[in-house]
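As stored in work-v3.pdb (PDB, N, CA, C and O atoms):
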```
ATOM      1  N   MET A  28       0.829  -1.162   0.000
ATOM      2  CA  MET A  28       0.000   0.000   0.000
ATOM      3  C   MET A  28       0.883   1.238   0.000
ATOM      4  O   MET A  28       1.876   1.306   0.706
ATOM      5  N   ARG A  29       0.498   2.234  -0.825
ATOM      6  CA  ARG A  29       1.219   3.492  -0.879
ATOM      7  C   ARG A  29       0.290   4.631  -0.489
ATOM      8  O   ARG A  29      -0.893   4.602  -0.781
ATOM      9  N   LEU A  30       0.866   5.608   0.121
ATOM     10  CA  LEU A  30       0.120   6.794   0.509
ATOM     11  C   LEU A  30       0.785   8.001  -0.134
ATOM     12  O   LEU A  30       1.997   8.194  -0.014
ATOM     13  N   PHE A  31       0.014   8.762  -0.868
ATOM     14  CA  PHE A  31       0.522   9.977  -1.497
ATOM     15  C   PHE A  31      -0.143  11.172  -0.832
ATOM     16  O   PHE A  31      -1.367  11.243  -0.745
ATOM     17  N   LEU A  32       0.667  12.097  -0.378
ATOM     18  CA  LEU A  32       0.162  13.304   0.247
ATOM     19  C   LEU A  32       0.475  14.503  -0.642
ATOM     20  O   LEU A  32       1.558  14.590  -1.204
ATOM     21  N   PHE A  33      -0.469  15.388  -0.750
ATOM     22  CA  PHE A  33      -0.282  16.600  -1.530
ATOM     23  C   PHE A  33      -0.431  17.798  -0.610
ATOM     24  O   PHE A  33      -1.377  17.893   0.162
ATOM     25  N   ASP A  34       0.478  18.709  -0.733
ATOM     26  CA  ASP A  34       0.452  19.925   0.069
ATOM     27  C   ASP A  34       0.529  21.106  -0.895
ATOM     28  O   ASP A  34       1.559  21.739  -1.042
ATOM     29  N   VAL A  35      -0.564  21.393  -1.560
ATOM     30  CA  VAL A  35      -0.568  22.368  -2.636
ATOM     31  C   VAL A  35      -0.294  23.793  -2.171
ATOM     32  O   VAL A  35       0.191  24.609  -2.947
ATOM     33  N   ASP A  36      -0.571  24.112  -0.945
ATOM     34  CA  ASP A  36      -0.370  25.490  -0.510
ATOM     35  C   ASP A  36       0.830  25.676   0.408
ATOM     36  O   ASP A  36       1.070  26.759   0.914
ATOM     37  N   GLY A  37       1.620  24.614   0.610
ATOM     38  CA  GLY A  37       2.846  24.745   1.379
ATOM     39  C   GLY A  37       2.670  24.900   2.877
ATOM     40  O   GLY A  37       3.560  25.383   3.561
ATOM     41  N   THR A  38       1.536  24.482   3.401
ATOM     42  CA  THR A  38       1.323  24.612   4.843
ATOM     43  C   THR A  38       1.879  23.421   5.624
ATOM     44  O   THR A  38       2.038  23.512   6.832
ATOM     45  N   LEU A  39       2.168  22.327   4.949
ATOM     46  CA  LEU A  39       2.674  21.134   5.630
ATOM     47  C   LEU A  39       4.142  20.852   5.325
ATOM     48  O   LEU A  39       4.882  20.352   6.162
ATOM     49  N   VAL A  40       4.549  21.150   4.119
ATOM     50  CA  VAL A  40       5.904  20.864   3.649
ATOM     51  C   VAL A  40       6.433  22.121   2.969
ATOM     52  O   VAL A  40       5.693  22.822   2.290
ATOM     53  N   THR A  41       7.705  22.377   3.116
ATOM     54  CA  THR A  41       8.285  23.530   2.431
ATOM     55  C   THR A  41       9.205  23.074   1.307
ATOM     56  O   THR A  41       9.887  22.064   1.434
ATOM     57  N   ALA A  42       9.178  23.816   0.222
ATOM     58  CA  ALA A  42      10.082  23.552  -0.902
ATOM     59  C   ALA A  42      11.043  24.727  -1.050
ATOM     60  O   ALA A  42      11.555  25.002  -2.119
ATOM     61  N   ARG A  43      11.231  25.435   0.053
ATOM     62  CA  ARG A  43      12.156  26.563   0.124
ATOM     63  C   ARG A  43      11.859  27.642  -0.909
ATOM     64  O   ARG A  43      12.751  28.211  -1.506
ATOM     65  N   GLY A  44      10.568  27.875  -1.134
ATOM     66  CA  GLY A  44      10.164  28.962  -2.017
ATOM     67  C   GLY A  44      10.111  28.633  -3.492
ATOM     68  O   GLY A  44       9.892  29.522  -4.308
ATOM     69  N   ALA A  45      10.282  27.362  -3.850
ATOM     70  CA  ALA A  45      10.296  26.991  -5.267
ATOM     71  C   ALA A  45       8.959  27.287  -5.947
ATOM     72  O   ALA A  45       8.929  27.766  -7.088
ATOM     73  N   GLY A  46       7.860  27.023  -5.274
ATOM     74  CA  GLY A  46       6.546  27.287  -5.860
ATOM     75  C   GLY A  46       6.306  28.765  -6.059
ATOM     76  O   GLY A  46       5.831  29.205  -7.113
ATOM     77  N   ARG A  47       6.656  29.562  -5.069
ATOM     78  CA  ARG A  47       6.496  31.011  -5.173
ATOM     79  C   ARG A  47       7.380  31.562  -6.286
ATOM     80  O   ARG A  47       6.968  32.416  -7.064
ATOM     81  N   ALA A  48       8.605  31.055  -6.380
ATOM     82  CA  ALA A  48       9.529  31.515  -7.424
ATOM     83  C   ALA A  48       9.003  31.155  -8.815
ATOM     84  O   ALA A  48       9.075  31.976  -9.742
ATOM     85  N   ALA A  49       8.472  29.947  -8.965
ATOM     86  CA  ALA A  49       7.935  29.523 -10.257
ATOM     87  C   ALA A  49       6.722  30.366 -10.654
ATOM     88  O   ALA A  49       6.604  30.791 -11.809
ATOM     89  N   LEU A  50       5.834  30.621  -9.703
ATOM     90  CA  LEU A  50       4.665  31.433 -10.002
ATOM     91  C   LEU A  50       5.075  32.873 -10.303
ATOM     92  O   LEU A  50       4.533  33.496 -11.213
ATOM     93  N   THR A  51       6.034  33.387  -9.565
ATOM     94  CA  THR A  51       6.529  34.745  -9.825
ATOM     95  C   THR A  51       7.022  34.866 -11.256
ATOM     96  O   THR A  51       6.658  35.802 -11.978
ATOM     97  N   ARG A  52       7.813  33.917 -11.689
ATOM     98  CA  ARG A  52       8.348  33.935 -13.059
ATOM     99  C   ARG A  52       7.216  33.832 -14.073
ATOM    100  O   ARG A  52       7.199  34.564 -15.071
ATOM    101  N   ALA A  53       6.270  32.934 -13.852
ATOM    102  CA  ALA A  53       5.150  32.771 -14.786
ATOM    103  C   ALA A  53       4.326  34.052 -14.887
ATOM    104  O   ALA A  53       3.919  34.457 -15.981
ATOM    105  N   LEU A  54       4.084  34.715 -13.767
ATOM    106  CA  LEU A  54       3.324  35.965 -13.778
ATOM    107  C   LEU A  54       4.085  37.060 -14.511
ATOM    108  O   LEU A  54       3.506  37.808 -15.308
ATOM    109  N   GLU A  55       5.375  37.151 -14.270
ATOM    110  CA  GLU A  55       6.176  38.179 -14.933
ATOM    111  C   GLU A  55       6.206  37.973 -16.445
ATOM    112  O   GLU A  55       6.072  38.931 -17.207
ATOM    113  N   VAL A  56       6.364  36.724 -16.871
ATOM    114  CA  VAL A  56       6.402  36.423 -18.302
ATOM    115  C   VAL A  56       5.040  36.679 -18.939
ATOM    116  O   VAL A  56       4.941  37.240 -20.032
ATOM    117  N   THR A  57       3.991  36.263 -18.269
ATOM    118  CA  THR A  57       2.642  36.357 -18.833
ATOM    119  C   THR A  57       2.058  37.762 -18.761
ATOM    120  O   THR A  57       1.487  38.248 -19.742
ATOM    121  N   TYR A  58       2.176  38.395 -17.615
ATOM    122  CA  TYR A  58       1.497  39.666 -17.384
ATOM    123  C   TYR A  58       2.427  40.876 -17.284
ATOM    124  O   TYR A  58       1.964  41.999 -17.178
ATOM    125  N   GLY A  59       3.723  40.622 -17.236
ATOM    126  CA  GLY A  59       4.670  41.721 -17.109
ATOM    127  C   GLY A  59       4.885  42.177 -15.685
ATOM    128  O   GLY A  59       5.651  43.107 -15.425
ATOM    129  N   THR A  60       4.241  41.544 -14.736
ATOM    130  CA  THR A  60       4.383  41.860 -13.317
ATOM    131  C   THR A  60       4.008  40.637 -12.486
ATOM    132  O   THR A  60       3.234  39.805 -12.937
ATOM    133  N   ALA A  61       4.570  40.560 -11.310
ATOM    134  CA  ALA A  61       4.163  39.531 -10.348
ATOM    135  C   ALA A  61       3.370  40.158  -9.218
ATOM    136  O   ALA A  61       3.000  39.483  -8.261
ATOM    137  N   GLY A  62       3.101  41.451  -9.328
ATOM    138  CA  GLY A  62       2.366  42.118  -8.271
ATOM    139  C   GLY A  62       3.137  42.056  -6.962
ATOM    140  O   GLY A  62       4.361  41.988  -6.948
ATOM    141  N   ALA A  63       2.428  42.049  -5.865
ATOM    142  CA  ALA A  63       3.033  42.021  -4.532
ATOM    143  C   ALA A  63       3.217  40.580  -4.052
ATOM    144  O   ALA A  63       2.843  40.219  -2.943
ATOM    145  N   VAL A  64       3.818  39.756  -4.905
ATOM    146  CA  VAL A  64       3.921  38.316  -4.632
ATOM    147  C   VAL A  64       4.680  38.002  -3.343
ATOM    148  O   VAL A  64       4.349  37.045  -2.647
ATOM    149  N   GLU A  65       5.666  38.795  -3.002
ATOM    150  CA  GLU A  65       6.460  38.507  -1.798
ATOM    151  C   GLU A  65       5.655  38.714  -0.512
ATOM    152  O   GLU A  65       5.926  38.074   0.486
ATOM    153  N   ALA A  66       4.681  39.573  -0.557
ATOM    154  CA  ALA A  66       3.860  39.849   0.631
ATOM    155  C   ALA A  66       2.554  39.071   0.637
ATOM    156  O   ALA A  66       1.845  39.070   1.639
ATOM    157  N   TYR A  67       2.240  38.387  -0.448
ATOM    158  CA  TYR A  67       0.948  37.720  -0.596
ATOM    159  C   TYR A  67       0.911  36.414   0.194
ATOM    160  O   TYR A  67       1.853  35.625   0.149
ATOM    161  N   ASP A  68      -0.171  36.169   0.891
ATOM    162  CA  ASP A  68      -0.350  34.947   1.684
ATOM    163  C   ASP A  68      -1.008  33.872   0.824
ATOM    164  O   ASP A  68      -2.180  33.970   0.493
ATOM    165  N   PHE A  69      -0.260  32.852   0.444
ATOM    166  CA  PHE A  69      -0.737  31.774  -0.420
ATOM    167  C   PHE A  69      -1.587  30.751   0.333
ATOM    168  O   PHE A  69      -2.311  29.973  -0.285
ATOM    169  N   ARG A  70      -1.471  30.712   1.646
ATOM    170  CA  ARG A  70      -2.091  29.639   2.432
ATOM    171  C   ARG A  70      -3.598  29.557   2.219
ATOM    172  O   ARG A  70      -4.310  30.553   2.316
ATOM    173  N   GLY A  71      -4.059  28.340   1.942
ATOM    174  CA  GLY A  71      -5.490  28.072   1.821
ATOM    175  C   GLY A  71      -6.120  28.531   0.527
ATOM    176  O   GLY A  71      -7.338  28.454   0.379
ATOM    177  N   ARG A  72      -5.329  28.991  -0.414
ATOM    178  CA  ARG A  72      -5.865  29.491  -1.680
ATOM    179  C   ARG A  72      -5.474  28.569  -2.822
ATOM    180  O   ARG A  72      -4.409  27.970  -2.805
ATOM    181  N   THR A  73      -6.322  28.513  -3.827
ATOM    182  CA  THR A  73      -5.967  27.761  -5.026
ATOM    183  C   THR A  73      -5.002  28.594  -5.861
ATOM    184  O   THR A  73      -4.928  29.825  -5.720
ATOM    185  N   ASP A  74      -4.280  27.937  -6.752
ATOM    186  CA  ASP A  74      -3.352  28.657  -7.623
ATOM    187  C   ASP A  74      -4.075  29.728  -8.430
ATOM    188  O   ASP A  74      -3.588  30.845  -8.564
ATOM    189  N   THR A  75      -5.240  29.376  -8.940
ATOM    190  CA  THR A  75      -5.995  30.330  -9.755
ATOM    191  C   THR A  75      -6.415  31.544  -8.932
ATOM    192  O   THR A  75      -6.302  32.685  -9.395
ATOM    193  N   SER A  76      -6.867  31.331  -7.710
ATOM    194  CA  SER A  76      -7.274  32.478  -6.887
ATOM    195  C   SER A  76      -6.074  33.350  -6.516
ATOM    196  O   SER A  76      -6.212  34.569  -6.373
ATOM    197  N   ILE A  77      -4.911  32.750  -6.388
ATOM    198  CA  ILE A  77      -3.695  33.516  -6.121
ATOM    199  C   ILE A  77      -3.387  34.429  -7.301
ATOM    200  O   ILE A  77      -3.093  35.615  -7.122
ATOM    201  N   VAL A  78      -3.462  33.883  -8.503
ATOM    202  CA  VAL A  78      -3.210  34.697  -9.698
ATOM    203  C   VAL A  78      -4.200  35.857  -9.767
ATOM    204  O   VAL A  78      -3.810  37.012  -9.975
ATOM    205  N   TRP A  79      -5.483  35.561  -9.607
ATOM    206  CA  TRP A  79      -6.497  36.616  -9.646
ATOM    207  C   TRP A  79      -6.224  37.679  -8.592
ATOM    208  O   TRP A  79      -6.286  38.878  -8.872
ATOM    209  N   GLY A  80      -5.929  37.268  -7.386
ATOM    210  CA  GLY A  80      -5.680  38.227  -6.310
ATOM    211  C   GLY A  80      -4.471  39.112  -6.574
ATOM    212  O   GLY A  80      -4.520  40.328  -6.399
ATOM    213  N   LEU A  81      -3.377  38.480  -7.001
ATOM    214  CA  LEU A  81      -2.165  39.245  -7.278
ATOM    215  C   LEU A  81      -2.340  40.191  -8.453
ATOM    216  O   LEU A  81      -1.913  41.355  -8.401
ATOM    217  N   MET A  82      -2.954  39.716  -9.511
ATOM    218  CA  MET A  82      -3.081  40.538 -10.711
ATOM    219  C   MET A  82      -4.118  41.647 -10.545
ATOM    220  O   MET A  82      -3.927  42.759 -11.024
ATOM    221  N   ARG A  83      -5.183  41.370  -9.833
ATOM    222  CA  ARG A  83      -6.137  42.447  -9.515
ATOM    223  C   ARG A  83      -5.454  43.488  -8.639
ATOM    224  O   ARG A  83      -5.642  44.687  -8.825
ATOM    225  N   GLY A  84      -4.672  43.023  -7.682
ATOM    226  CA  GLY A  84      -3.938  43.941  -6.819
ATOM    227  C   GLY A  84      -2.936  44.793  -7.574
ATOM    228  O   GLY A  84      -2.614  45.911  -7.164
ATOM    229  N   ALA A  85      -2.434  44.266  -8.692
ATOM    230  CA  ALA A  85      -1.489  45.007  -9.534
ATOM    231  C   ALA A  85      -2.210  45.936 -10.504
ATOM    232  O   ALA A  85      -1.572  46.633 -11.291
ATOM    233  N   GLY A  86      -3.555  45.905 -10.469
ATOM    234  CA  GLY A  86      -4.326  46.822 -11.296
ATOM    235  C   GLY A  86      -4.725  46.312 -12.664
ATOM    236  O   GLY A  86      -5.241  47.078 -13.478
ATOM    237  N   LEU A  87      -4.529  45.024 -12.925
ATOM    238  CA  LEU A  87      -4.919  44.478 -14.219
ATOM    239  C   LEU A  87      -6.426  44.250 -14.281
ATOM    240  O   LEU A  87      -7.035  43.869 -13.284
ATOM    241  N   ALA A  88      -6.981  44.480 -15.448
ATOM    242  CA  ALA A  88      -8.410  44.264 -15.666
ATOM    243  C   ALA A  88      -8.711  42.766 -15.701
ATOM    244  O   ALA A  88      -7.868  41.959 -16.115
ATOM    245  N   ASP A  89      -9.916  42.398 -15.296
ATOM    246  CA  ASP A  89     -10.312  40.991 -15.279
ATOM    247  C   ASP A  89     -10.163  40.334 -16.651
ATOM    248  O   ASP A  89      -9.748  39.180 -16.742
ATOM    249  N   ALA A  90     -10.488  41.046 -17.716
ATOM    250  CA  ALA A  90     -10.380  40.480 -19.061
ATOM    251  C   ALA A  90      -8.929  40.149 -19.397
ATOM    252  O   ALA A  90      -8.646  39.118 -20.022
ATOM    253  N   VAL A  91      -8.002  40.977 -18.984
ATOM    254  CA  VAL A  91      -6.575  40.735 -19.229
ATOM    255  C   VAL A  91      -6.113  39.512 -18.438
ATOM    256  O   VAL A  91      -5.384  38.659 -18.953
ATOM    257  N   ILE A  92      -6.543  39.432 -17.195
ATOM    258  CA  ILE A  92      -6.169  38.287 -16.354
ATOM    259  C   ILE A  92      -6.707  36.995 -16.963
ATOM    260  O   ILE A  92      -5.979  36.012 -17.099
ATOM    261  N   ALA A  93      -7.974  36.992 -17.333
ATOM    262  CA  ALA A  93      -8.607  35.795 -17.909
ATOM    263  C   ALA A  93      -7.893  35.350 -19.176
ATOM    264  O   ALA A  93      -7.656  34.156 -19.371
ATOM    265  N   ARG A  94      -7.531  36.295 -20.042
ATOM    266  CA  ARG A  94      -6.864  35.942 -21.305
ATOM    267  C   ARG A  94      -5.488  35.316 -21.066
ATOM    268  O   ARG A  94      -5.028  34.506 -21.863
ATOM    269  N   GLY A  95      -4.834  35.672 -19.975
ATOM    270  CA  GLY A  95      -3.497  35.184 -19.726
ATOM    271  C   GLY A  95      -3.400  33.897 -18.926
ATOM    272  O   GLY A  95      -2.321  33.321 -18.804
ATOM    273  N   LEU A  96      -4.502  33.405 -18.392
ATOM    274  CA  LEU A  96      -4.427  32.240 -17.494
ATOM    275  C   LEU A  96      -3.802  31.007 -18.133
ATOM    276  O   LEU A  96      -2.929  30.381 -17.541
ATOM    277  N   ASP A  97      -4.220  30.639 -19.345
ATOM    278  CA  ASP A  97      -3.649  29.456 -19.993
ATOM    279  C   ASP A  97      -2.148  29.605 -20.198
ATOM    280  O   ASP A  97      -1.365  28.677 -19.951
ATOM    281  N   ALA A  98      -1.721  30.786 -20.628
ATOM    282  CA  ALA A  98      -0.293  31.032 -20.835
ATOM    283  C   ALA A  98       0.465  30.989 -19.507
ATOM    284  O   ALA A  98       1.597  30.489 -19.453
ATOM    285  N   CYS A  99      -0.161  31.489 -18.463
ATOM    286  CA  CYS A  99       0.487  31.470 -17.141
ATOM    287  C   CYS A  99       0.769  30.037 -16.694
ATOM    288  O   CYS A  99       1.846  29.736 -16.190
ATOM    289  N   TRP A 100      -0.181  29.150 -16.886
ATOM    290  CA  TRP A 100      -0.002  27.754 -16.460
ATOM    291  C   TRP A 100       0.934  26.991 -17.392
ATOM    292  O   TRP A 100       1.558  26.019 -16.960
ATOM    293  N   ALA A 101       1.035  27.414 -18.633
ATOM    294  CA  ALA A 101       1.937  26.738 -19.584
ATOM    295  C   ALA A 101       3.379  26.974 -19.172
ATOM    296  O   ALA A 101       4.229  26.157 -19.339
TER     297      ALA A 101
END
```

Turn this file's structure into structure tokens for me.
Amino acid sequence: MRLFLFDVDGTLVTARGAGRAALTRALEVTYGTAGAVEAYDFRGRTDTSIVWGLMRGAGLADAVIARGLDACWA
């Protein structure tokens, strides 16, 4: 028997900032900004809600955020 655990928001296991760094890079490439990513609390949020929160906070329009989501995840 195998047990697989997932810690998508980093509350149980740390990867020393690898997830935050990867998302920061994806946001910068896709939207030209990562917003206030260093101060943003990722805990308990989905990846998509994090992107929406950061990009809205950076002043991007919802239509711009929506158009960039697929590219951000790629």

To verify the selection step, state as number ranges by chain which residues the PyMOL selection byres ((chain A and resi 72-84) around 6) yields on this input. A: 35-36, 61-63, 68-71, 85-88

Work out how far apart CA of Thr51 (chain A) and CA of Val64 (chain A) are and give it in Å to one decimal. 6.8 Å

Between CA of Gly44 (chain A) and CA of Ala93 (chain A), measure the distance and give it in Å to one decimal. 25.5 Å

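The set of residues that the PyMOL selection byres (((chain A and resi 56 and name CA) around 12) and name CA) takes from this file is Ala49, Leu50, Thr51, Arg52, Ala53, Leu54, Glu55, Thr57, Tyr58, Gly59, Thr60, Ala61, Gly95, Leu96, Ala98, Cys99, Trp100 and Ala101 of chain A.
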
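A straight line drawn from CA of Arg94 (chain A) to atom N of Asp34 (chain A) is 27.8 Å long.
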
So which bits of chain A end up alpha helix (DSSP H) when you DSSP the backbone, as an MDAnalysis selection string? chainID A and resid 45:58 74:84 89:100

Listed atoms of region 54-73 of chain A boxed along x, y and z, 5 Å each side, centre and edge lengths in Å, one decimal, as lines of an AutoDock Vina configuration file:
```
center_x = -0.4
center_y = 35.4
center_z = -8.8
size_x = 23.8
size_y = 25.3
size_z = 32.5
```

Please produce region 47-58 of chain A, completed to all heavy atoms, as a compact mmCIF listing (two decimals), in the coordinates of the input.
```txt
# COMPACT_ATOMS: atom_id res chain seq x y z
N ARG A 47 6.66 29.56 -5.07
CA ARG A 47 6.50 31.01 -5.17
C ARG A 47 7.38 31.56 -6.29
O ARG A 47 6.97 32.42 -7.06
CB ARG A 47 6.84 31.68 -3.84
CG ARG A 47 6.54 33.17 -3.81
CD ARG A 47 6.85 33.76 -2.43
NE ARG A 47 5.99 33.23 -1.39
CZ ARG A 47 4.86 33.81 -0.99
NH1 ARG A 47 4.46 34.93 -1.55
NH2 ARG A 47 4.14 33.27 -0.03
N ALA A 48 8.60 31.06 -6.38
CA ALA A 48 9.53 31.52 -7.42
C ALA A 48 9.00 31.16 -8.82
O ALA A 48 9.07 31.98 -9.74
CB ALA A 48 10.91 30.91 -7.21
N ALA A 49 8.47 29.95 -8.96
CA ALA A 49 7.94 29.52 -10.26
C ALA A 49 6.72 30.37 -10.65
O ALA A 49 6.60 30.79 -11.81
CB ALA A 49 7.56 28.04 -10.22
N LEU A 50 5.83 30.62 -9.70
CA LEU A 50 4.66 31.43 -10.00
C LEU A 50 5.08 32.87 -10.30
O LEU A 50 4.53 33.50 -11.21
CB LEU A 50 3.65 31.39 -8.85
CG LEU A 50 2.36 32.16 -9.11
CD1 LEU A 50 1.64 31.64 -10.36
CD2 LEU A 50 1.44 32.07 -7.91
N THR A 51 6.03 33.39 -9.56
CA THR A 51 6.53 34.74 -9.82
C THR A 51 7.02 34.87 -11.26
O THR A 51 6.66 35.80 -11.98
CB THR A 51 7.66 35.10 -8.84
OG1 THR A 51 7.15 35.07 -7.51
CG2 THR A 51 8.25 36.48 -9.15
N ARG A 52 7.81 33.92 -11.69
CA ARG A 52 8.35 33.94 -13.06
C ARG A 52 7.22 33.83 -14.07
O ARG A 52 7.20 34.56 -15.07
CB ARG A 52 9.34 32.79 -13.25
CG ARG A 52 9.91 32.66 -14.63
CD ARG A 52 10.98 33.72 -14.87
NE ARG A 52 11.56 33.47 -16.17
CZ ARG A 52 11.65 34.40 -17.12
NH1 ARG A 52 11.22 35.61 -16.89
NH2 ARG A 52 12.18 34.11 -18.27
N ALA A 53 6.27 32.93 -13.85
CA ALA A 53 5.15 32.77 -14.79
C ALA A 53 4.33 34.05 -14.89
O ALA A 53 3.92 34.46 -15.98
CB ALA A 53 4.26 31.61 -14.34
N LEU A 54 4.08 34.72 -13.77
CA LEU A 54 3.32 35.97 -13.78
C LEU A 54 4.08 37.06 -14.51
O LEU A 54 3.51 37.81 -15.31
CB LEU A 54 3.01 36.41 -12.35
CG LEU A 54 2.04 35.53 -11.57
CD1 LEU A 54 1.99 35.96 -10.11
CD2 LEU A 54 0.66 35.56 -12.19
N GLU A 55 5.38 37.15 -14.27
CA GLU A 55 6.18 38.18 -14.93
C GLU A 55 6.21 37.97 -16.44
O GLU A 55 6.07 38.93 -17.21
CB GLU A 55 7.59 38.19 -14.36
CG GLU A 55 7.65 38.75 -12.96
CD GLU A 55 9.00 38.59 -12.30
OE1 GLU A 55 9.85 37.80 -12.79
OE2 GLU A 55 9.22 39.24 -11.26
N VAL A 56 6.36 36.72 -16.87
CA VAL A 56 6.40 36.42 -18.30
C VAL A 56 5.04 36.68 -18.94
O VAL A 56 4.94 37.24 -20.03
CB VAL A 56 6.86 34.97 -18.54
CG1 VAL A 56 6.62 34.53 -19.97
CG2 VAL A 56 8.33 34.81 -18.17
N THR A 57 3.99 36.26 -18.27
CA THR A 57 2.64 36.36 -18.83
C THR A 57 2.06 37.76 -18.76
O THR A 57 1.49 38.25 -19.74
CB THR A 57 1.70 35.38 -18.10
OG1 THR A 57 2.24 34.06 -18.19
CG2 THR A 57 0.31 35.41 -18.71
N TYR A 58 2.18 38.40 -17.61
CA TYR A 58 1.50 39.67 -17.38
C TYR A 58 2.43 40.88 -17.28
O TYR A 58 1.96 42.00 -17.18
CB TYR A 58 0.66 39.59 -16.11
CG TYR A 58 -0.43 38.56 -16.16
CD1 TYR A 58 -0.34 37.37 -15.45
CD2 TYR A 58 -1.58 38.75 -16.94
CE1 TYR A 58 -1.35 36.41 -15.49
CE2 TYR A 58 -2.60 37.81 -16.99
CZ TYR A 58 -2.47 36.64 -16.26
OH TYR A 58 -3.46 35.70 -16.31
```
